[in-house]
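A.B. asks: Take a look at this one; I'll ask things after.
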Amino acid sequence: MEAPTFLDFIIHSTGLPAYLVFTWFVMLVILALALIVRGSLKLVPEGIQNVAESVVYGIYSFVEDILGKEETPKHFPLIATLAIFIFFANITELIPYFAPPTSNLNTTLSMALIVFVYYQFLGIKKHGFRYIKHFMGPVWWLVPLMFPIEVIGHFARIISLSVRLFGNIFGDDLLLAIIFFLAPWLVPLPIMGLVLFAASLQAFIFFLLSTLYIADAISEPEH
Amino acid sequence: MKGKVLLLSALAVLVALPALAAGDAETASAAANLVLKKYYMFVAMGGAIGLGLAAGGGGIGQGHAVNGTVLGTARNPALSGKLLTVMMIGLAMIESLVIYMLVIVLIIFYTNPFHI
């Protein structure tokens, strides 16, 4: 089931899996864009600096709405990196002969695991041992029921984050391949518009959910 | 003379043995193919029914979400941007449940989890 890709010459010569090579490709693209923006910084932005500033400010204001003013600068780099990387990784499925790195469960599972370990670590660092209170229910006599459900729910967040992104992008990739096979030339264009919308929405959902999990971990238990 | 006939018949049996073995391998692979076909028959039926149910439930849920957003926008058109954002988040959440079903069907279909 291996489809030919553009970077096959690297994949076949080094034996590395396709999603890893395309992850590096997306990283190179983002780094190149960042270096282009940094090369010509002006006080009054114009051109590509405008786009970069509006993107970063948009993500920052969104995270600030959820996390509050003083917590945002600490967690903003991880969240913004996730958002921008996932967006560019999803976009690469629109180019023919390119496989998006997020269409493989390895990429999405690694990102979900990073978010999971990060917010658990934050909760433990901020609350110490009282972090267990997040898993108890509202009243003390519901604890034997609530504690396993909460723990399973927290572990299910890994699966839900990774499988949501993987299923969406892999399904869109499969759909695009079939549509290209069935009706080439101009017919796939509306489908590609739909895929573009779905890809950006999935990137938005991933970073929004990460922000919400972080906000939930550092919040004071109000019960 | 009898010794030669015996030798020739023994040689003939020896030559015929590989044909017997090939026949065994053929029927064995045909039987395995039939079991595989039966497995994929069940996978196809189950996948189609399961995905159909998942898509139906997902469609109803997303319809409720859009219904609430449209009614809210009709009452208060100034809030339409915020309502649209919340609707998008809700739609992605509901859609992920349908996507879980798709992933299960893909796993059963493309990896052979029971090694049939």
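Residue numbers start at 1 in each chain; chains themselves are named A, B, ... in the order of the structure tokens; ligands are numbered from 1 in the order shown.
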Could you list, as a PyMOL selection string, the residues of chain A having an atom within 12 Å of chain B when counting only C-alpha atoms?
C.D. replies: chain A and resi 1+62+103-105+159-172+174+197-209
A.B. asks: If we count only C-alpha atoms and set the cut-off at 10 Å, which residues sit around Phe180 in chain A, ignoring sequence neighbours fewer than 6 positions away in its own chain? Please answer as a list of chain:residue names.
C.D. replies: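 Close residues of Phe180 in chain A: A:Pro96, A:Leu174, A:Leu186, A:Val187, A:Pro188, A:Leu189, A:Ile191.
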A.B. asks: Based on the selection just made, write C-alpha atoms of those residues as a short mmCIF file (atom, residue, chain, number, x, y, z; two decimals), in the first residue's frame.
C.D. replies:
```cif
data_model
loop_
_atom_site.label_atom_id
_atom_site.label_comp_id
_atom_site.auth_asym_id
_atom_site.auth_seq_id
_atom_site.Cartn_x
_atom_site.Cartn_y
_atom_site.Cartn_z
CA PRO A 96 0.40 15.97 -5.15
CA LEU A 174 -7.42 8.51 1.21
CA LEU A 186 -10.53 20.07 -12.27
CA VAL A 187 -12.96 17.93 -10.30
CA PRO A 188 -10.84 17.51 -7.13
CA LEU A 189 -10.71 21.28 -6.57
CA ILE A 191 -12.64 18.46 -2.45
#
```
A.B. asks: Would you list the contacts of range 151-157 of chain A as a ChimeraX atom specification, taking every protein, DNA or RNA residue within 12 Å and counting only C-alpha atoms, but skipping same-chain residues closer than 3 positions in sequence?
C.D. replies: /A:109,111-117,119-120,132-137,143-148,160-164,206,209-210,212-213,216-217
A.B. asks: Next, write the just-selected residues to a file, as a CSV table (one decimal), in the first residue's frame, keeping N, CA and C atoms as the atom set.
C.D. replies:
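The file below, again31.csv, is the result:
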```
chain,number,residue,atom,x,y,z
A,109,LEU,N,0.5,10.5,17.7
A,109,LEU,CA,0.6,9.9,19.1
A,109,LEU,C,1.7,10.5,19.9
A,111,MET,N,2.8,13.6,19.5
A,111,MET,CA,2.4,15.0,20.0
A,111,MET,C,1.4,14.9,21.1
A,112,ALA,N,0.5,13.9,21.0
A,112,ALA,CA,-0.5,13.8,22.1
A,112,ALA,C,0.2,13.4,23.4
A,113,LEU,N,1.2,12.5,23.3
A,113,LEU,CA,1.9,12.1,24.5
A,113,LEU,C,2.7,13.3,25.1
A,114,ILE,N,3.3,14.1,24.3
A,114,ILE,CA,4.0,15.3,24.8
A,114,ILE,C,3.0,16.2,25.6
A,115,VAL,N,1.8,16.4,25.0
A,115,VAL,CA,0.8,17.3,25.7
A,115,VAL,C,0.4,16.7,27.0
A,116,PHE,N,0.2,15.3,27.0
A,116,PHE,CA,-0.3,14.6,28.2
A,116,PHE,C,0.8,14.7,29.3
A,117,VAL,N,2.0,14.4,29.0
A,117,VAL,CA,3.1,14.4,30.0
A,117,VAL,C,3.3,15.8,30.5
A,119,TYR,N,1.1,18.4,30.7
A,119,TYR,CA,0.1,19.0,31.6
A,119,TYR,C,0.0,18.2,32.9
A,120,GLN,N,0.3,16.9,32.9
A,120,GLN,CA,0.4,16.2,34.2
A,120,GLN,C,1.6,16.7,35.0
A,132,ILE,N,-4.0,15.1,43.3
A,132,ILE,CA,-4.9,13.9,43.3
A,132,ILE,C,-6.4,14.4,43.5
A,133,LYS,N,-6.6,15.6,44.1
A,133,LYS,CA,-7.9,16.1,44.3
A,133,LYS,C,-8.6,16.4,43.0
A,134,HIS,N,-7.8,16.6,41.9
A,134,HIS,CA,-8.5,16.8,40.6
A,134,HIS,C,-9.2,15.6,40.1
A,135,PHE,N,-8.8,14.4,40.6
A,135,PHE,CA,-9.4,13.1,40.1
A,135,PHE,C,-10.5,12.7,41.0
A,136,MET,N,-10.6,13.3,42.2
A,136,MET,CA,-11.7,12.9,43.1
A,136,MET,C,-12.9,13.7,42.6
A,137,GLY,N,-14.1,13.2,42.9
A,137,GLY,CA,-15.3,13.8,42.5
A,137,GLY,C,-15.6,15.0,43.4
A,143,VAL,N,-15.7,8.8,45.8
A,143,VAL,CA,-14.3,8.6,45.3
A,143,VAL,C,-14.1,7.3,44.6
A,144,PRO,N,-14.6,6.1,45.2
A,144,PRO,CA,-14.3,4.9,44.6
A,144,PRO,C,-14.9,4.8,43.2
A,145,LEU,N,-16.0,5.5,42.9
A,145,LEU,CA,-16.5,5.5,41.6
A,145,LEU,C,-15.8,6.5,40.7
A,146,MET,N,-15.5,7.7,41.2
A,146,MET,CA,-15.1,8.8,40.3
A,146,MET,C,-13.6,8.6,40.0
A,147,PHE,N,-12.8,8.0,40.9
A,147,PHE,CA,-11.4,8.0,40.7
A,147,PHE,C,-11.0,7.1,39.5
A,148,PRO,N,-11.5,5.9,39.3
A,148,PRO,CA,-11.1,5.1,38.1
A,148,PRO,C,-11.7,5.8,36.8
A,160,SER,N,-7.8,10.0,22.3
A,160,SER,CA,-8.7,10.9,21.5
A,160,SER,C,-8.0,11.9,20.7
A,161,LEU,N,-7.0,12.6,21.4
A,161,LEU,CA,-6.2,13.6,20.6
A,161,LEU,C,-5.5,13.0,19.4
A,162,SER,N,-4.9,11.9,19.6
A,162,SER,CA,-4.1,11.4,18.5
A,162,SER,C,-5.0,10.8,17.4
A,163,VAL,N,-6.0,10.0,17.8
A,163,VAL,CA,-6.8,9.3,16.8
A,163,VAL,C,-7.7,10.3,16.1
A,164,ARG,N,-8.1,11.4,16.7
A,164,ARG,CA,-8.9,12.4,16.0
A,164,ARG,C,-8.1,13.0,14.9
A,206,PHE,N,-6.7,20.8,17.9
A,206,PHE,CA,-5.6,20.2,18.7
A,206,PHE,C,-5.0,21.2,19.7
A,209,LEU,N,-7.6,22.1,22.5
A,209,LEU,CA,-7.7,21.1,23.5
A,209,LEU,C,-6.5,21.0,24.4
A,210,SER,N,-5.3,21.2,23.8
A,210,SER,CA,-4.1,21.2,24.7
A,210,SER,C,-4.2,22.4,25.7
A,212,LEU,N,-6.9,23.8,26.8
A,212,LEU,CA,-7.9,23.5,27.8
A,212,LEU,C,-7.4,22.5,28.8
A,213,TYR,N,-6.6,21.5,28.4
A,213,TYR,CA,-6.1,20.5,29.4
A,213,TYR,C,-5.1,21.2,30.3
A,216,ASP,N,-7.0,23.2,32.8
A,216,ASP,CA,-7.7,22.3,33.7
A,216,ASP,C,-6.7,21.8,34.8
A,217,ALA,N,-5.4,21.6,34.4
A,217,ALA,CA,-4.4,21.0,35.3
A,217,ALA,C,-4.0,22.1,36.3
```
A.B. asks: Please run DSSP on the backbone and report, as JSON, numbers by chain, all residues within range 21-133 of chain A that come out as helix (DSSP H, G or I).
C.D. replies: {"A": [21, 22, 23, 24, 25, 26, 27, 28, 29, 30, 31, 32, 33, 34, 35, 36, 37, 38, 39, 48, 49, 50, 51, 52, 53, 54, 55, 56, 57, 58, 59, 60, 61, 62, 63, 64, 65, 66, 67, 72, 73, 74, 75, 76, 77, 78, 79, 80, 81, 82, 83, 84, 85, 86, 87, 88, 89, 90, 91, 101, 102, 103, 105, 106, 107, 108, 109, 110, 111, 112, 113, 114, 115, 116, 117, 118, 119, 120, 121, 122, 123, 124, 125, 126, 127, 128, 129, 130, 131, 132, 133]}
A.B. asks: Residues of the last selection are to be written out with C-alpha atoms, as a short mmCIF file (atom, residue, chain, number, x, y, z; two decimals), in the first residue's frame.
C.D. replies:
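What landed in part_5.cif:
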```cif
data_model
loop_
_atom_site.label_atom_id
_atom_site.label_comp_id
_atom_site.auth_asym_id
_atom_site.auth_seq_id
_atom_site.Cartn_x
_atom_site.Cartn_y
_atom_site.Cartn_z
CA VAL A 21 11.25 12.39 6.24
CA PHE A 22 8.16 14.50 5.69
CA THR A 23 8.29 15.73 9.29
CA TRP A 24 11.78 17.02 8.57
CA PHE A 25 10.50 18.60 5.37
CA VAL A 26 7.76 20.46 7.26
CA MET A 27 10.29 21.57 9.88
CA LEU A 28 12.57 22.89 7.15
CA VAL A 29 9.70 24.81 5.58
CA ILE A 30 8.72 26.42 8.89
CA LEU A 31 12.33 27.28 9.72
CA ALA A 32 12.84 28.80 6.27
CA LEU A 33 9.73 30.95 6.69
CA ALA A 34 10.84 32.05 10.14
CA LEU A 35 14.30 32.99 8.87
CA ILE A 36 12.79 34.93 5.97
CA VAL A 37 10.63 36.90 8.39
CA ARG A 38 13.54 37.49 10.74
CA GLY A 39 15.77 38.71 7.93
CA ILE A 48 5.12 38.53 5.28
CA GLN A 49 5.97 40.04 8.68
CA ASN A 50 2.35 41.21 8.83
CA VAL A 51 1.06 37.70 8.28
CA ALA A 52 3.42 36.20 10.86
CA GLU A 53 2.56 38.84 13.45
CA SER A 54 -1.18 38.42 12.96
CA VAL A 55 -0.89 34.63 13.26
CA VAL A 56 1.17 34.81 16.43
CA TYR A 57 -1.04 37.50 17.93
CA GLY A 58 -4.17 35.53 17.07
CA ILE A 59 -2.90 32.41 18.82
CA TYR A 60 -1.63 34.48 21.76
CA SER A 61 -4.95 36.25 22.33
CA PHE A 62 -6.82 32.97 22.07
CA VAL A 63 -4.58 31.29 24.63
CA GLU A 64 -4.77 34.35 26.86
CA ASP A 65 -8.56 34.10 26.91
CA ILE A 66 -8.28 30.62 28.37
CA LEU A 67 -5.17 30.66 30.52
CA THR A 72 0.23 32.41 29.03
CA PRO A 73 3.89 33.35 28.36
CA LYS A 74 5.07 30.16 30.05
CA HIS A 75 3.04 27.75 27.94
CA PHE A 76 2.66 29.75 24.76
CA PRO A 77 5.75 28.42 22.91
CA LEU A 78 4.63 24.77 23.11
CA ILE A 79 1.04 25.56 22.13
CA ALA A 80 1.98 27.83 19.23
CA THR A 81 4.56 25.33 17.96
CA LEU A 82 1.95 22.59 18.00
CA ALA A 83 -0.55 24.78 16.18
CA ILE A 84 1.81 25.97 13.44
CA PHE A 85 3.49 22.58 12.96
CA ILE A 86 0.20 20.70 12.72
CA PHE A 87 -1.20 23.28 10.33
CA PHE A 88 1.76 23.06 7.96
CA ALA A 89 1.91 19.28 8.31
CA ASN A 90 -1.75 18.99 7.34
CA ILE A 91 -1.30 21.37 4.42
CA PRO A 101 3.31 13.40 8.32
CA THR A 102 0.19 13.55 10.47
CA SER A 103 -1.46 10.84 8.38
CA LEU A 105 -0.36 7.45 13.95
CA ASN A 106 3.27 7.78 15.08
CA THR A 107 3.40 11.55 14.58
CA THR A 108 0.04 12.30 16.17
CA LEU A 109 0.58 9.91 19.08
CA SER A 110 3.92 11.50 19.88
CA MET A 111 2.38 14.96 19.95
CA ALA A 112 -0.51 13.77 22.13
CA LEU A 113 1.94 12.11 24.53
CA ILE A 114 3.96 15.33 24.77
CA VAL A 115 0.83 17.29 25.69
CA PHE A 116 -0.26 14.63 28.20
CA VAL A 117 3.09 14.41 30.01
CA TYR A 118 3.39 18.21 29.95
CA TYR A 119 0.09 19.02 31.61
CA GLN A 120 0.40 16.19 34.16
CA PHE A 121 3.85 17.53 35.08
CA LEU A 122 2.41 21.04 35.37
CA GLY A 123 -0.35 19.87 37.66
CA ILE A 124 2.03 17.94 39.89
CA LYS A 125 4.51 20.83 39.98
CA LYS A 126 1.89 23.39 40.90
CA HIS A 127 -0.26 21.44 43.33
CA GLY A 128 2.12 18.79 44.61
CA PHE A 129 0.31 15.90 46.19
CA ARG A 130 -2.99 17.79 46.20
CA TYR A 131 -3.13 17.17 42.43
CA ILE A 132 -4.94 13.94 43.31
CA LYS A 133 -7.91 16.10 44.30
#
```
A.B. asks: Which residue is closest to Ala215 in chain A? Choose from A:Lys42, A:Gly68, A:Gly193, A:Ile149 and count only C-alpha atoms.
C.D. replies: A:Gly68
A.B. asks: Please provide as number ranges by chain all residues within 12 Å of Ile95 in chain A, with the sequence filter that same-chain residues fewer than 6 positions apart are discarded (counting only C-alpha atoms).
C.D. replies: A: 5-6, 88-89, 173, 176-177, 192, 195-196
A.B. asks: Just to be explicit: take each residue in the selection above, keep N, CA and C atoms, and write the result as an mmCIF file, in the first residue's frame.
C.D. replies:
```cif
data_model
loop_
_atom_site.group_PDB
_atom_site.id
_atom_site.type_symbol
_atom_site.label_atom_id
_atom_site.label_comp_id
_atom_site.auth_asym_id
_atom_site.auth_seq_id
_atom_site.Cartn_x
_atom_site.Cartn_y
_atom_site.Cartn_z
ATOM 1 N N THR A 5 6.041 8.843 -3.424
ATOM 2 C CA THR A 5 6.061 10.218 -2.951
ATOM 3 C C THR A 5 7.227 10.955 -3.577
ATOM 4 N N PHE A 6 7.193 12.295 -3.378
ATOM 5 C CA PHE A 6 8.188 13.133 -4.010
ATOM 6 C C PHE A 6 9.563 12.914 -3.412
ATOM 7 N N PHE A 88 0.939 23.278 9.150
ATOM 8 C CA PHE A 88 1.760 23.058 7.961
ATOM 9 C C PHE A 88 1.854 21.593 7.605
ATOM 10 N N ALA A 89 1.832 20.710 8.616
ATOM 11 C CA ALA A 89 1.909 19.277 8.312
ATOM 12 C C ALA A 89 0.641 18.820 7.619
ATOM 13 N N ASP A 173 -6.637 12.117 3.216
ATOM 14 C CA ASP A 173 -5.615 11.693 2.254
ATOM 15 C C ASP A 173 -6.153 10.600 1.349
ATOM 16 N N LEU A 176 -8.687 12.064 -1.047
ATOM 17 C CA LEU A 176 -8.040 12.775 -2.146
ATOM 18 C C LEU A 176 -7.464 11.810 -3.173
ATOM 19 N N ALA A 177 -6.835 10.713 -2.663
ATOM 20 C CA ALA A 177 -6.243 9.752 -3.590
ATOM 21 C C ALA A 177 -7.321 9.120 -4.470
ATOM 22 N N MET A 192 -10.479 19.585 -2.524
ATOM 23 C CA MET A 192 -9.270 20.119 -1.902
ATOM 24 C C MET A 192 -9.593 21.314 -1.022
ATOM 25 N N VAL A 195 -10.789 19.820 2.122
ATOM 26 C CA VAL A 195 -9.664 19.249 2.865
ATOM 27 C C VAL A 195 -8.864 20.351 3.536
ATOM 28 N N LEU A 196 -8.683 21.484 2.834
ATOM 29 C CA LEU A 196 -7.956 22.607 3.441
ATOM 30 C C LEU A 196 -8.671 23.094 4.695
#
```
A.B. asks: When you draw a straight line from CA of Thr92 in chain A to CA of Thr111 in chain B, how long is it in Å?
C.D. replies: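 Between CA of Thr92 in chain A and CA of Thr111 in chain B the gap works out to 25.6 Å.
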A.B. asks: Could you check how far CA of Gly15 in chain A sits from CA of Phe98 in chain A, in Å to one decimal?
C.D. replies: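 Computing it gives 17.3 Å between the two atoms.
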A.B. asks: Using Å and a single decimal, report how far CA of Ile94 in chain B sits from CA of Gly58 in chain B.
C.D. replies: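 For CA of Gly58 in chain B relative to CA of Ile94 in chain B, the distance reads 6.3 Å.
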A.B. asks: Residues within 10 Å of Gly46 in chain B, please, as a list in words. Count only C-alpha atoms; anything in the same chain fewer than 6 positions from it doesn't count.
C.D. replies: Tyr40, Gly52 and Val105 of chain B
